[in-house]
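Coordinates as given in my_file.cif (mmCIF, C-alpha atoms):
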```
data_model
loop_
_atom_site.label_atom_id
_atom_site.label_comp_id
_atom_site.auth_asym_id
_atom_site.auth_seq_id
_atom_site.Cartn_x
_atom_site.Cartn_y
_atom_site.Cartn_z
CA MET N 24 0.00 0.00 0.00
CA GLU N 25 1.43 3.35 -1.04
CA LYS N 26 1.78 5.92 1.73
CA GLY N 27 -1.06 8.43 1.91
CA THR N 28 -3.59 6.14 0.23
CA GLU N 29 -4.88 4.58 3.47
CA LYS N 30 -8.01 6.73 3.53
CA ALA N 31 -8.90 5.79 -0.02
CA TRP N 32 -8.37 2.08 0.69
CA ASP N 33 -10.53 2.44 3.76
CA VAL N 34 -13.46 3.64 1.67
CA LEU N 35 -12.94 1.37 -1.31
CA LYS N 36 -12.55 -1.86 0.61
CA ASP N 37 -16.29 -1.95 1.33
CA LEU N 38 -17.51 -1.18 -2.20
CA THR N 39 -19.56 -4.02 -3.63
CA ASP N 40 -19.70 -5.45 -7.14
CA PRO N 41 -22.83 -4.37 -9.08
CA GLU N 42 -23.48 -7.86 -10.48
CA LEU N 43 -22.48 -9.81 -7.38
CA PRO N 44 -23.64 -7.42 -4.64
CA PHE N 45 -22.76 -9.80 -1.79
CA LEU N 46 -19.08 -9.54 -2.77
CA THR N 47 -16.82 -6.55 -2.37
CA LEU N 48 -14.47 -5.46 -5.14
CA ASP N 49 -11.73 -6.32 -2.69
CA ASP N 50 -13.05 -9.91 -2.35
CA LEU N 51 -12.92 -10.19 -6.14
CA GLY N 52 -9.42 -8.76 -6.42
CA VAL N 53 -10.60 -6.09 -8.87
CA ILE N 54 -8.88 -3.15 -7.17
CA ARG N 55 -5.20 -3.70 -7.81
CA GLU N 56 -3.46 -0.59 -6.67
CA ILE N 57 -3.92 2.99 -5.50
CA LYS N 58 -1.17 5.46 -6.33
CA ARG N 59 -0.79 9.17 -5.74
CA ASN N 60 0.47 11.86 -8.00
CA ASP N 61 0.54 15.61 -7.32
CA LYS N 62 -3.17 16.25 -7.66
CA ASN N 63 -4.97 12.94 -7.78
CA HIS N 64 -5.25 9.43 -6.58
CA VAL N 65 -4.91 6.90 -9.39
CA VAL N 66 -6.95 3.76 -8.82
CA ILE N 67 -5.93 0.79 -10.93
CA ILE N 68 -8.59 -1.81 -11.53
CA ALA N 69 -8.41 -5.17 -13.31
CA PRO N 70 -11.66 -5.91 -15.17
CA THR N 71 -12.83 -9.52 -14.78
CA TYR N 72 -13.77 -9.47 -18.48
CA ILE N 73 -12.78 -6.92 -21.12
CA GLY N 74 -16.40 -6.34 -22.12
CA CYS N 75 -17.84 -6.60 -18.62
CA PRO N 76 -20.76 -4.13 -18.57
CA ALA N 77 -20.29 -3.60 -14.82
CA ILE N 78 -16.94 -1.87 -15.34
CA SER N 79 -18.31 1.59 -16.08
CA VAL N 80 -20.58 1.34 -13.03
CA ILE N 81 -17.59 0.31 -10.90
CA GLU N 82 -15.54 3.23 -12.20
CA GLU N 83 -18.30 5.71 -11.39
CA LYS N 84 -18.81 4.19 -7.93
CA ILE N 85 -15.12 4.44 -7.07
CA ALA N 86 -14.89 8.04 -8.24
CA SER N 87 -18.03 9.17 -6.43
CA GLU N 88 -17.17 7.41 -3.14
CA LEU N 89 -13.73 9.00 -3.11
CA LYS N 90 -15.17 12.37 -4.00
CA LYS N 91 -17.32 12.19 -0.87
CA ILE N 92 -14.18 12.24 1.27
CA GLY N 93 -12.59 14.95 -0.84
CA ILE N 94 -10.32 12.81 -2.97
CA SER N 95 -10.32 13.30 -6.72
CA ALA N 96 -9.45 10.09 -8.48
CA ILE N 97 -8.50 8.89 -11.94
CA ILE N 98 -9.43 5.29 -12.66
CA GLU N 99 -7.25 3.23 -14.95
CA LYS N 100 -7.88 -0.24 -16.32
CA SER N 101 -5.09 -2.76 -16.33
CA PHE N 102 -5.04 -5.99 -18.34
CA SER N 103 -1.54 -7.09 -17.42
CA PRO N 104 -1.36 -9.36 -15.59
CA PRO N 105 -4.89 -10.31 -16.62
CA TRP N 106 -7.44 -10.65 -13.82
CA SER N 107 -7.59 -14.21 -12.60
CA SER N 108 -10.21 -16.05 -10.56
CA ASP N 109 -7.28 -17.03 -8.33
CA TRP N 110 -7.37 -13.47 -7.00
CA ILE N 111 -10.74 -14.02 -5.33
CA SER N 112 -10.17 -14.09 -1.56
CA GLU N 113 -10.99 -17.04 0.71
CA ASN N 114 -13.67 -14.92 2.28
CA GLY N 115 -15.07 -14.13 -1.17
CA ARG N 116 -15.26 -17.82 -2.04
CA LYS N 117 -17.09 -18.57 1.19
CA LYS N 118 -19.62 -15.81 0.55
CA MET N 119 -20.12 -17.03 -3.00
CA GLU N 120 -20.99 -20.50 -1.83
CA GLU N 121 -23.41 -19.16 0.76
CA PHE N 122 -25.10 -17.24 -2.01
CA GLY N 123 -25.56 -20.36 -4.14
CA ILE N 124 -22.70 -19.86 -6.59
CA SER N 125 -20.08 -22.53 -6.79
CA PRO N 126 -16.67 -20.81 -6.50
CA PRO N 127 -13.91 -21.30 -9.10
CA HIS N 128 -11.18 -23.91 -8.72
CA PRO N 129 -7.60 -22.81 -8.37
CA ARG N 130 -6.32 -22.29 -11.89
CA LYS N 131 -3.53 -24.41 -13.24
CA ALA N 132 -1.46 -22.85 -15.97
CA ASP N 133 -1.82 -25.96 -18.12
CA THR N 134 -5.62 -26.01 -18.17
CA ILE N 135 -6.07 -22.99 -20.44
CA GLY N 136 -8.13 -24.07 -23.40
CA GLU N 137 -8.99 -27.41 -21.77
CA PRO N 138 -12.60 -28.29 -20.98
CA LEU N 139 -13.86 -27.05 -17.64
CA LEU N 140 -12.91 -29.20 -14.69
CA LYS N 141 -15.55 -31.75 -13.83
CA ASP N 142 -15.55 -31.87 -10.02
CA VAL N 143 -17.82 -28.93 -9.39
CA LYS N 144 -19.61 -28.98 -6.05
CA CYS N 145 -23.32 -28.19 -5.83
CA PRO N 146 -23.71 -25.20 -3.52
CA GLN N 147 -27.20 -26.39 -2.46
CA CYS N 148 -26.61 -29.99 -1.36
CA THR N 149 -22.75 -30.24 -1.58
CA SER N 150 -22.91 -33.19 -3.99
CA TYR N 151 -20.14 -33.54 -6.56
CA ARG N 152 -22.45 -35.36 -8.98
CA THR N 153 -23.00 -32.34 -11.20
CA GLU N 154 -22.88 -31.60 -14.91
CA LYS N 155 -22.19 -28.60 -17.07
CA VAL N 156 -25.20 -27.20 -18.88
CA SER N 157 -23.52 -24.28 -20.63
CA GLU N 158 -20.13 -22.57 -20.66
CA PHE N 159 -21.94 -19.26 -20.42
CA GLY N 160 -24.30 -18.12 -17.68
CA SER N 161 -26.22 -15.05 -16.64
CA THR N 162 -23.08 -12.90 -16.55
CA ALA N 163 -19.74 -13.10 -18.36
CA CYS N 164 -17.97 -14.52 -15.30
CA LYS N 165 -20.27 -17.51 -14.69
CA SER N 166 -21.09 -20.82 -16.34
CA LEU N 167 -24.23 -22.88 -15.85
CA TYR N 168 -24.35 -26.25 -14.03
CA ARG N 169 -26.94 -28.68 -12.76
CA CYS N 170 -26.84 -31.02 -9.77
CA LEU N 171 -27.67 -34.64 -10.56
CA ASP N 172 -28.65 -35.36 -6.95
CA CYS N 173 -30.83 -32.46 -5.84
CA LYS N 174 -31.64 -31.54 -9.49
CA GLU N 175 -31.14 -27.84 -8.83
CA PRO N 176 -29.46 -25.67 -11.45
CA PHE N 177 -26.68 -23.38 -10.22
CA ASP N 178 -24.00 -20.95 -11.37
CA HIS N 179 -20.34 -21.88 -11.31
CA PHE N 180 -17.89 -19.01 -11.32
CA LYS N 181 -15.60 -19.54 -14.32
CA CYS N 182 -12.06 -20.53 -13.60
CA VAL N 183 -9.97 -18.09 -15.62
CA MET V 20 5.33 8.48 -31.62
CA LYS V 21 6.42 9.62 -35.11
CA SER V 22 3.54 10.46 -37.39
CA ASN V 23 4.04 7.60 -39.86
CA MET V 24 4.28 5.19 -36.93
CA ALA V 25 1.13 6.70 -35.43
CA ASP V 26 -0.72 6.18 -38.74
CA MET V 27 0.37 2.57 -38.81
CA VAL V 28 -0.72 1.89 -35.23
CA PHE V 29 -4.05 3.63 -35.81
CA GLU V 30 -4.82 1.65 -38.95
CA GLY V 31 -3.69 -1.61 -37.35
CA LEU V 32 -5.88 -1.09 -34.30
CA LEU V 33 -8.81 -0.19 -36.53
CA ARG V 34 -8.56 -3.40 -38.53
CA ILE V 35 -8.71 -5.59 -35.43
CA ALA V 36 -11.32 -3.44 -33.69
CA ASP V 37 -13.60 -3.41 -36.75
CA ASP V 38 -13.39 -7.21 -37.07
CA ASN V 39 -14.45 -7.54 -33.46
CA LEU V 40 -17.19 -4.92 -33.59
CA ILE V 41 -18.80 -6.30 -36.72
CA LEU V 42 -18.65 -9.93 -35.63
CA GLY V 43 -19.92 -8.82 -32.23
CA HIS V 44 -22.87 -7.12 -33.90
CA ARG V 45 -23.64 -10.14 -36.05
CA THR V 46 -23.41 -12.43 -33.04
CA SER V 47 -25.72 -10.18 -31.04
CA GLU V 48 -28.39 -10.65 -33.71
CA TRP V 49 -28.95 -14.10 -32.18
CA CYS V 50 -30.19 -12.59 -28.92
CA GLY V 51 -33.71 -13.94 -28.47
CA HIS V 52 -33.44 -16.23 -31.52
CA ALA V 53 -30.97 -18.95 -30.52
CA PRO V 54 -32.14 -22.58 -30.68
CA THR V 55 -31.97 -23.13 -26.91
CA LEU V 56 -31.94 -20.92 -23.84
CA GLU V 57 -28.32 -21.83 -23.07
CA GLU V 58 -27.18 -20.72 -26.51
CA ASP V 59 -29.28 -17.63 -26.16
CA LEU V 60 -27.11 -16.78 -23.17
CA ALA V 61 -23.86 -17.93 -24.74
CA LEU V 62 -24.02 -16.01 -28.00
CA PRO V 63 -24.85 -12.58 -26.52
CA ASN V 64 -22.13 -13.22 -23.90
CA ILE V 65 -19.64 -13.75 -26.69
CA ALA V 66 -20.99 -10.71 -28.55
CA LEU V 67 -20.40 -8.68 -25.41
CA ASP V 68 -16.79 -9.87 -25.23
CA LEU V 69 -16.19 -9.06 -28.90
CA ILE V 70 -17.71 -5.59 -28.60
CA GLY V 71 -15.71 -5.06 -25.40
CA HIS V 72 -12.52 -5.90 -27.30
CA ALA V 73 -13.53 -3.45 -30.03
CA GLN V 74 -14.28 -0.74 -27.49
CA THR V 75 -10.89 -1.02 -25.79
CA LEU V 76 -9.07 -1.04 -29.13
CA TYR V 77 -11.03 2.00 -30.38
CA CYS V 78 -10.09 3.83 -27.16
CA LEU V 79 -6.42 3.12 -27.84
CA ALA V 80 -6.91 4.32 -31.42
CA CYS V 81 -8.46 7.58 -30.19
CA GLU V 82 -5.43 8.25 -28.01
CA ILE V 83 -3.33 8.16 -31.17
CA ASN V 84 -5.55 10.01 -33.61
CA SER V 85 -7.13 13.16 -32.21
CA ARG V 86 -9.55 13.37 -35.15
CA TYR V 87 -11.81 11.05 -33.17
CA LYS V 88 -12.98 12.14 -29.74
CA ASN V 89 -14.09 8.81 -28.39
CA GLU V 90 -14.74 5.18 -29.22
CA ASP V 91 -18.38 5.84 -30.15
CA GLN V 92 -17.34 8.11 -33.00
CA LEU V 93 -15.27 5.31 -34.46
CA ALA V 94 -17.93 2.67 -33.93
CA PHE V 95 -20.98 4.62 -35.04
CA LEU V 96 -20.06 7.64 -37.13
CA ARG V 97 -17.77 6.45 -39.88
CA LEU V 98 -18.90 5.78 -43.42
CA GLU V 99 -18.96 2.34 -44.97
CA HIS V 100 -15.62 2.63 -46.80
CA GLU V 101 -13.89 3.71 -43.58
CA TYR V 102 -14.47 0.34 -41.91
CA LYS V 103 -11.57 -2.07 -42.42
CA ASN V 104 -13.06 -5.36 -41.27
CA LEU V 105 -12.79 -8.67 -43.10
CA LEU V 106 -15.60 -9.68 -45.44
CA LEU V 107 -15.91 -12.89 -43.42
CA VAL V 108 -17.28 -11.18 -40.33
CA GLU V 109 -19.87 -9.02 -42.09
CA GLN V 110 -21.67 -11.83 -43.92
CA GLU V 111 -25.16 -12.64 -42.73
CA ASN V 112 -25.33 -15.22 -39.94
CA GLY V 113 -27.07 -17.95 -41.89
CA ASP V 114 -28.13 -20.85 -39.68
CA PHE V 115 -26.74 -21.69 -36.24
CA GLY V 116 -24.14 -24.05 -37.76
CA ASN V 117 -22.86 -21.35 -40.09
CA THR V 118 -22.67 -18.91 -37.16
CA VAL V 119 -20.66 -21.19 -34.88
CA LEU V 120 -18.35 -22.29 -37.71
CA ARG V 121 -17.49 -18.67 -38.51
CA LEU V 122 -16.97 -17.98 -34.81
CA PHE V 123 -14.69 -21.00 -34.61
CA TYR V 124 -12.62 -19.85 -37.63
CA PHE V 125 -12.33 -16.30 -36.36
CA SER V 126 -11.72 -16.91 -32.65
CA THR V 127 -9.13 -19.59 -33.38
CA PHE V 128 -7.36 -17.11 -35.65
CA MET V 129 -7.53 -14.39 -32.99
CA LYS V 130 -6.31 -16.75 -30.29
CA TYR V 131 -3.06 -17.35 -32.18
CA PHE V 132 -2.91 -13.71 -33.21
CA TRP V 133 -3.05 -12.49 -29.60
CA GLU V 134 -0.59 -15.14 -28.53
CA ARG V 135 1.92 -13.62 -30.96
CA VAL V 136 1.12 -10.03 -30.02
CA LYS V 137 1.74 -11.01 -26.38
CA ILE V 138 5.29 -11.98 -27.25
CA GLU V 139 6.44 -9.59 -29.92
CA CYS V 140 4.38 -6.38 -29.99
CA CYS V 141 6.35 -3.17 -29.36
CA PHE V 142 3.22 -1.17 -28.49
CA THR V 143 2.98 -1.74 -24.73
CA LYS V 144 -0.72 -1.05 -24.29
CA LEU V 145 -1.72 -3.53 -26.96
CA LYS V 146 0.73 -6.08 -25.63
CA GLU V 147 -0.85 -5.82 -22.19
CA PHE V 148 -4.35 -6.04 -23.62
CA SER V 149 -3.44 -9.17 -25.58
CA GLU V 150 -2.87 -11.18 -22.39
CA LYS V 151 -6.51 -10.86 -21.44
CA ALA V 152 -7.82 -11.02 -25.02
CA PHE V 153 -5.94 -14.29 -25.54
CA LEU V 154 -7.76 -15.93 -22.62
CA GLU V 155 -11.18 -14.78 -23.79
CA THR V 156 -10.73 -15.75 -27.44
CA SER V 157 -9.46 -19.17 -26.33
CA TYR V 158 -12.74 -19.61 -24.47
CA HIS V 159 -14.75 -18.63 -27.57
CA SER V 160 -12.75 -20.93 -29.78
CA ARG V 161 -13.33 -23.86 -27.43
CA TYR V 162 -17.07 -23.18 -27.19
CA ALA V 163 -17.46 -22.95 -30.97
CA SER V 164 -15.28 -26.01 -31.62
CA GLN V 165 -17.56 -28.13 -29.43
CA TRP V 166 -20.55 -27.17 -31.55
CA VAL V 167 -18.68 -27.81 -34.80
CA VAL V 168 -17.93 -31.35 -33.61
CA THR V 169 -21.41 -31.94 -32.16
CA LEU V 170 -23.19 -30.84 -35.31
CA GLY V 171 -20.70 -32.36 -37.75
CA ASP V 172 -20.80 -35.68 -35.93
CA GLY V 173 -24.57 -35.52 -35.28
CA THR V 174 -27.27 -36.54 -37.72
CA ASP V 175 -27.06 -36.70 -41.52
CA GLU V 176 -28.93 -33.43 -41.65
CA SER V 177 -26.72 -31.58 -39.16
CA ASN V 178 -23.62 -32.90 -40.96
CA LEU V 179 -25.02 -31.67 -44.27
CA LYS V 180 -25.71 -28.24 -42.79
CA MET V 181 -22.15 -28.00 -41.48
CA SER V 182 -20.77 -29.07 -44.87
CA ASN V 183 -22.86 -26.35 -46.47
CA ALA V 184 -21.53 -23.85 -43.95
CA ILE V 185 -17.95 -24.85 -44.83
CA ALA V 186 -18.69 -24.28 -48.52
CA ASN V 187 -20.47 -21.03 -47.77
CA LEU V 188 -17.60 -19.51 -45.77
CA GLU V 189 -14.78 -20.89 -47.91
CA PRO V 190 -14.49 -17.90 -50.30
CA PHE V 191 -13.86 -15.56 -47.36
CA LEU V 192 -11.04 -17.44 -45.65
CA GLY V 193 -8.31 -16.34 -48.03
CA GLU V 194 -8.64 -12.75 -46.91
CA LEU V 195 -7.99 -13.79 -43.31
CA PHE V 196 -4.50 -14.93 -44.25
CA ASN V 197 -3.70 -12.33 -46.88
CA ASN V 198 -0.50 -10.36 -46.35
CA ASP V 199 -0.39 -6.91 -47.92
CA ASP V 200 2.03 -3.97 -47.84
CA PHE V 201 0.46 -2.82 -44.62
CA THR V 202 0.74 -6.13 -42.77
CA GLU V 203 4.36 -6.36 -43.90
CA MET V 204 5.08 -2.91 -42.51
CA CYS V 205 3.41 -3.83 -39.20
CA SER V 206 5.48 -6.97 -38.94
CA GLN V 207 8.77 -5.24 -39.83
CA ASN V 208 8.12 -2.71 -37.08
CA ASP V 209 7.32 -5.44 -34.52
CA PHE V 210 3.79 -4.15 -34.17
CA LEU V 211 1.54 -6.96 -35.44
CA PRO V 212 2.27 -10.47 -36.74
CA GLU V 213 1.77 -11.24 -40.42
CA PRO V 214 -1.49 -13.14 -40.96
CA THR V 215 0.34 -15.87 -42.92
CA SER V 216 2.56 -16.58 -39.93
CA ILE V 217 -0.49 -17.78 -38.01
CA PHE V 218 -1.72 -20.06 -40.77
CA ASP V 219 -0.02 -23.31 -39.74
CA SER V 220 -1.21 -23.25 -36.13
CA TRP V 221 -4.69 -22.28 -37.26
CA LYS V 222 -4.82 -24.97 -39.93
CA ASN V 223 -3.68 -27.73 -37.57
CA GLU V 224 -6.31 -26.91 -35.01
CA VAL V 225 -9.16 -26.32 -37.45
CA LYS V 226 -8.35 -29.46 -39.42
CA ALA V 227 -8.34 -31.61 -36.27
CA ILE V 228 -11.71 -30.27 -35.13
CA LEU V 229 -13.32 -30.65 -38.57
CA GLN V 230 -11.99 -34.20 -38.75
CA LYS V 231 -13.56 -35.01 -35.38
CA GLY V 232 -16.85 -33.78 -36.83
CA ASN V 233 -16.45 -35.86 -40.03
CA LEU V 234 -16.06 -32.68 -42.06
CA ASP V 235 -13.64 -31.78 -44.82
CA PHE V 236 -11.10 -29.00 -44.43
CA PRO V 237 -11.76 -26.33 -47.08
CA ASP V 238 -9.37 -25.05 -49.75
CA ILE V 239 -7.87 -21.80 -48.61
CA ILE V 240 -7.11 -19.63 -51.59
CA LEU V 241 -7.63 -15.93 -52.00
CA LYS V 242 -11.05 -15.51 -53.59
CA LYS V 243 -12.96 -12.59 -52.15
CA ARG V 244 -11.25 -9.64 -50.57
CA GLY V 245 -11.67 -5.91 -50.17
CA GLY V 246 -12.68 -5.43 -46.55
CA ARG V 247 -9.22 -4.26 -45.51
CA LYS V 248 -9.45 -1.50 -48.13
CA GLY V 249 -12.98 -0.55 -47.13
CA GLU V 250 -14.62 -2.32 -50.09
CA HIS V 251 -17.48 -4.24 -48.55
CA SER V 252 -20.21 -6.62 -49.63
CA GLU V 253 -23.88 -5.75 -49.94
CA ALA V 254 -24.75 -7.21 -46.55
CA PHE V 255 -22.54 -4.63 -44.83
CA GLY V 256 -24.70 -1.64 -45.76
CA TYR V 257 -27.73 -3.20 -44.11
CA LEU V 258 -25.66 -4.09 -41.06
CA LEU V 259 -24.39 -0.53 -40.69
CA SER V 260 -27.83 1.01 -41.03
CA ASP V 261 -28.89 -1.12 -38.08
CA LEU V 262 -25.70 -0.58 -36.05
CA GLN V 263 -25.61 3.19 -36.57
CA TYR V 264 -29.31 3.93 -36.43
CA MET V 265 -29.45 5.51 -32.96
CA GLN V 266 -26.44 7.79 -33.42
CA ARG V 267 -27.58 8.86 -36.88
CA ALA V 268 -31.18 9.53 -35.85
CA TYR V 269 -30.31 11.13 -32.50
CA PRO V 270 -26.75 12.51 -32.79
CA ASN V 271 -24.71 12.43 -29.56
CA SER V 272 -27.43 10.61 -27.67
CA SER V 273 -26.13 8.76 -24.63
CA TRP V 274 -27.43 6.47 -21.90
#
```
Is it possible to express this structure as structure tokens?
Amino acid sequence: MEKGTEKAWDVLKDLTDPELPFLTLDDLGVIREIKRNDKNHVVIIAPTYIGCPAISVIEEKIASELKKIGISAIIEKSFSPPWSSDWISENGRKKMEEFGISPPHPRKADTIGEPLLKDVKCPQCTSYRTEKVSEFGSTACKSLYRCLDCKEPFDHFKCV
Amino acid sequence: MKSNMADMVFEGLLRIADDNLILGHRTSEWCGHAPTLEEDLALPNIALDLIGHAQTLYCLACEINSRYKNEDQLAFLRLEHEYKNLLLVEQENGDFGNTVLRLFYFSTFMKYFWERVKIECCFTKLKEFSEKAFLETSYHSRYASQWVVTLGDGTDESNLKMSNAIANLEPFLGELFNNDDFTEMCSQNDFLPEPTSIFDSWKNEVKAILQKGNLDFPDIILKKRGGRKGEHSEAFGYLLSDLQYMQRAYPNSSW
């Protein structure tokens, strides 16, 4: 943490994601860095997906929250290193499961381009007898699964 | 950046951004029309990714060329001949098989393209962007490849439809791998890879997937071209009138 950015971190750590409102941006690992230059704070964020429609909402939220405490901020997007589901905190994963979304597996470098891993746990009944319904779900970051035991459909956060 | 370098980077970004925007628009036409609910979620999701790629690339282009204020001006306010996308991406969707086959061809090409940009591009912002774009296009390529195999290796009818799609798209594949003076200049300046340099990787992967689906790999020779020079096919005019309608009817409107 850069010196003099503590106040900004303090405010931003509680900001929630517009599409996953039970998670904070900090849980998701979206806020990468806060820097200071002469006039402004520069907040660097890593979009989960390049075309994620929540990004502009997130940018506005960050700017307006910081403005409330008298900080003017510039928000910059960073794609390098690309955001990874590995950056989601333990706490974030726990909250996801409580909310009925199966959290992503740890990513292995050699699985890029391989089919999704099969052992996805049902967040309703904890069974591992589940199957993929679609690689794409209700938002860019989720895929669609179904539990073969309790028959409930559920979202699985993509492992990227 | 020197002015001739800036022109090169601008034009190069435009080519890739236009490909993504136009295929994104075509893909979005499936919203509400896909054969199943899952595909109705998948295709607009992919469209969103493609349009997101275009948006980021247009923003980079605007930083270089002050003639355009923002990405919307590039996306919505240029004339037909100013778009530099491939003819492949502007063709009408056809049936679902034709749509996923085109997506498979294009995203597999882009996957290898971004992989090369990641290693050798001298333009830092694009190089950084390529890391993320590579992951997303790999996902698209995998999704589309599964459908190509499923439909090719399905019933006689689905196999026939995929064979028709292969024949239908064949004339447009040559342009994808066509080097011209511009691509040579980009490659000499370590900006973008030459399209031909991606051909072998692309061919190996596409051939393997088509084979799995009992489909024949098409002949790739240069037949139809013109998109890179702004010479488009008839379908493109209709597409643009749809894409640009809001900004033309209500200039500078915003959400």
So what does the PyMOL selection byres ((chain N and resi 93-101) around 6) actually pick up in this one, as a list in words? Asn63, His64, Val65, Val66, Ile67, Ile68, Ala69, Ala86, Leu89, Lys90, Lys91, Ile92, Phe102 and Ser103 of chain N
Using only C-alpha atoms, determine which residues of chain N fall within 9 Å of chain V; present them as a PDB file with C-alpha atoms, keeping the file's coordinate frame.
```pdb
ATOM      1  CA  TYR N  72     -13.770  -9.470 -18.480  1.00  0.00           C
ATOM      2  CA  ILE N  73     -12.780  -6.920 -21.120  1.00  0.00           C
ATOM      3  CA  GLY N  74     -16.400  -6.340 -22.120  1.00  0.00           C
ATOM      4  CA  CYS N  75     -17.840  -6.600 -18.620  1.00  0.00           C
ATOM      5  CA  PRO N  76     -20.760  -4.130 -18.570  1.00  0.00           C
ATOM      6  CA  SER N 101      -5.090  -2.760 -16.330  1.00  0.00           C
ATOM      7  CA  PHE N 102      -5.040  -5.990 -18.340  1.00  0.00           C
ATOM      8  CA  SER N 103      -1.540  -7.090 -17.420  1.00  0.00           C
ATOM      9  CA  PRO N 104      -1.360  -9.360 -15.590  1.00  0.00           C
ATOM     10  CA  PRO N 105      -4.890 -10.310 -16.620  1.00  0.00           C
ATOM     11  CA  TRP N 106      -7.440 -10.650 -13.820  1.00  0.00           C
ATOM     12  CA  ILE N 135      -6.070 -22.990 -20.440  1.00  0.00           C
ATOM     13  CA  GLY N 136      -8.130 -24.070 -23.400  1.00  0.00           C
ATOM     14  CA  GLU N 137      -8.990 -27.410 -21.770  1.00  0.00           C
ATOM     15  CA  PRO N 138     -12.600 -28.290 -20.980  1.00  0.00           C
ATOM     16  CA  VAL N 156     -25.200 -27.200 -18.880  1.00  0.00           C
ATOM     17  CA  SER N 157     -23.520 -24.280 -20.630  1.00  0.00           C
ATOM     18  CA  GLU N 158     -20.130 -22.570 -20.660  1.00  0.00           C
ATOM     19  CA  PHE N 159     -21.940 -19.260 -20.420  1.00  0.00           C
ATOM     20  CA  GLY N 160     -24.300 -18.120 -17.680  1.00  0.00           C
ATOM     21  CA  SER N 161     -26.220 -15.050 -16.640  1.00  0.00           C
ATOM     22  CA  THR N 162     -23.080 -12.900 -16.550  1.00  0.00           C
ATOM     23  CA  ALA N 163     -19.740 -13.100 -18.360  1.00  0.00           C
ATOM     24  CA  LEU N 167     -24.230 -22.880 -15.850  1.00  0.00           C
ATOM     25  CA  VAL N 183      -9.970 -18.090 -15.620  1.00  0.00           C
TER      26      VAL N 183
END
```
Hey, what comes out of the PyMOL selection byres ((chain N and resi 33) around 12) on this file? Could you write it as number ranges by chain? N: 24, 27-32, 34-38, 49, 57, 85, 88-89, 92
Near V:Leu258, within 10 Å and counting all atoms listed in the file, which residues show up once chain neighbours fewer than 5 positions away are dropped, as a ChimeraX atom specification? /V:41,44-45,109-111,253,263-264
So that I can check the surroundings of V:Phe142, please list as a compact mmCIF listing (two decimals) with C-alpha atoms, in the coordinates of the input every protein, DNA and RNA residue that reaches within 12 Å of it, counting all atoms listed in the file and ignoring chain neighbours fewer than 6 positions away.
```txt
# COMPACT_ATOMS: atom_id res chain seq x y z
CA MET V 20 5.33 8.48 -31.62
CA MET V 24 4.28 5.19 -36.93
CA ALA V 25 1.13 6.70 -35.43
CA MET V 27 0.37 2.57 -38.81
CA VAL V 28 -0.72 1.89 -35.23
CA PHE V 29 -4.05 3.63 -35.81
CA GLY V 31 -3.69 -1.61 -37.35
CA LEU V 32 -5.88 -1.09 -34.30
CA LEU V 79 -6.42 3.12 -27.84
CA ALA V 80 -6.91 4.32 -31.42
CA ILE V 83 -3.33 8.16 -31.17
CA VAL V 136 1.12 -10.03 -30.02
CA PHE V 148 -4.35 -6.04 -23.62
CA SER V 149 -3.44 -9.17 -25.58
CA CYS V 205 3.41 -3.83 -39.20
CA ASN V 208 8.12 -2.71 -37.08
CA ASP V 209 7.32 -5.44 -34.52
CA PHE V 210 3.79 -4.15 -34.17
CA LEU V 211 1.54 -6.96 -35.44
```
Nearest residue to N:Leu46 out of N:Tyr168, N:Tyr151, N:Phe177, N:Phe122, using all atoms listed in the file? N:Phe122
Calculate how many Å separate atom CA of V:Arg267 from atom CA of N:Glu83, rounding to one decimal. 27.3 Å
What does the PyMOL selection byres ((chain V and resi 178-189) around 12) select in this file, as a VMD selection string? chain V and resid 106 to 125 166 to 177 190 to 195 225 to 226 229 to 243
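Here atom CA of N:Pro126 and atom CA of N:Cys164 stand 10.9 Å from one another.
Relative to atom CA of V:Leu96, atom CA of V:Tyr269 is found at 11.8 Å.
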Emit as JSON the padded axis-aligned box for all listed atoms of stretch 79-82 of chain N, 6 Å per side, with centre and edge lengths in Å to one decimal.
```
{"center_x": -18.1, "center_y": 1.8, "center_z": -13.5, "size_x": 17.0, "size_y": 14.9, "size_z": 17.2}
```
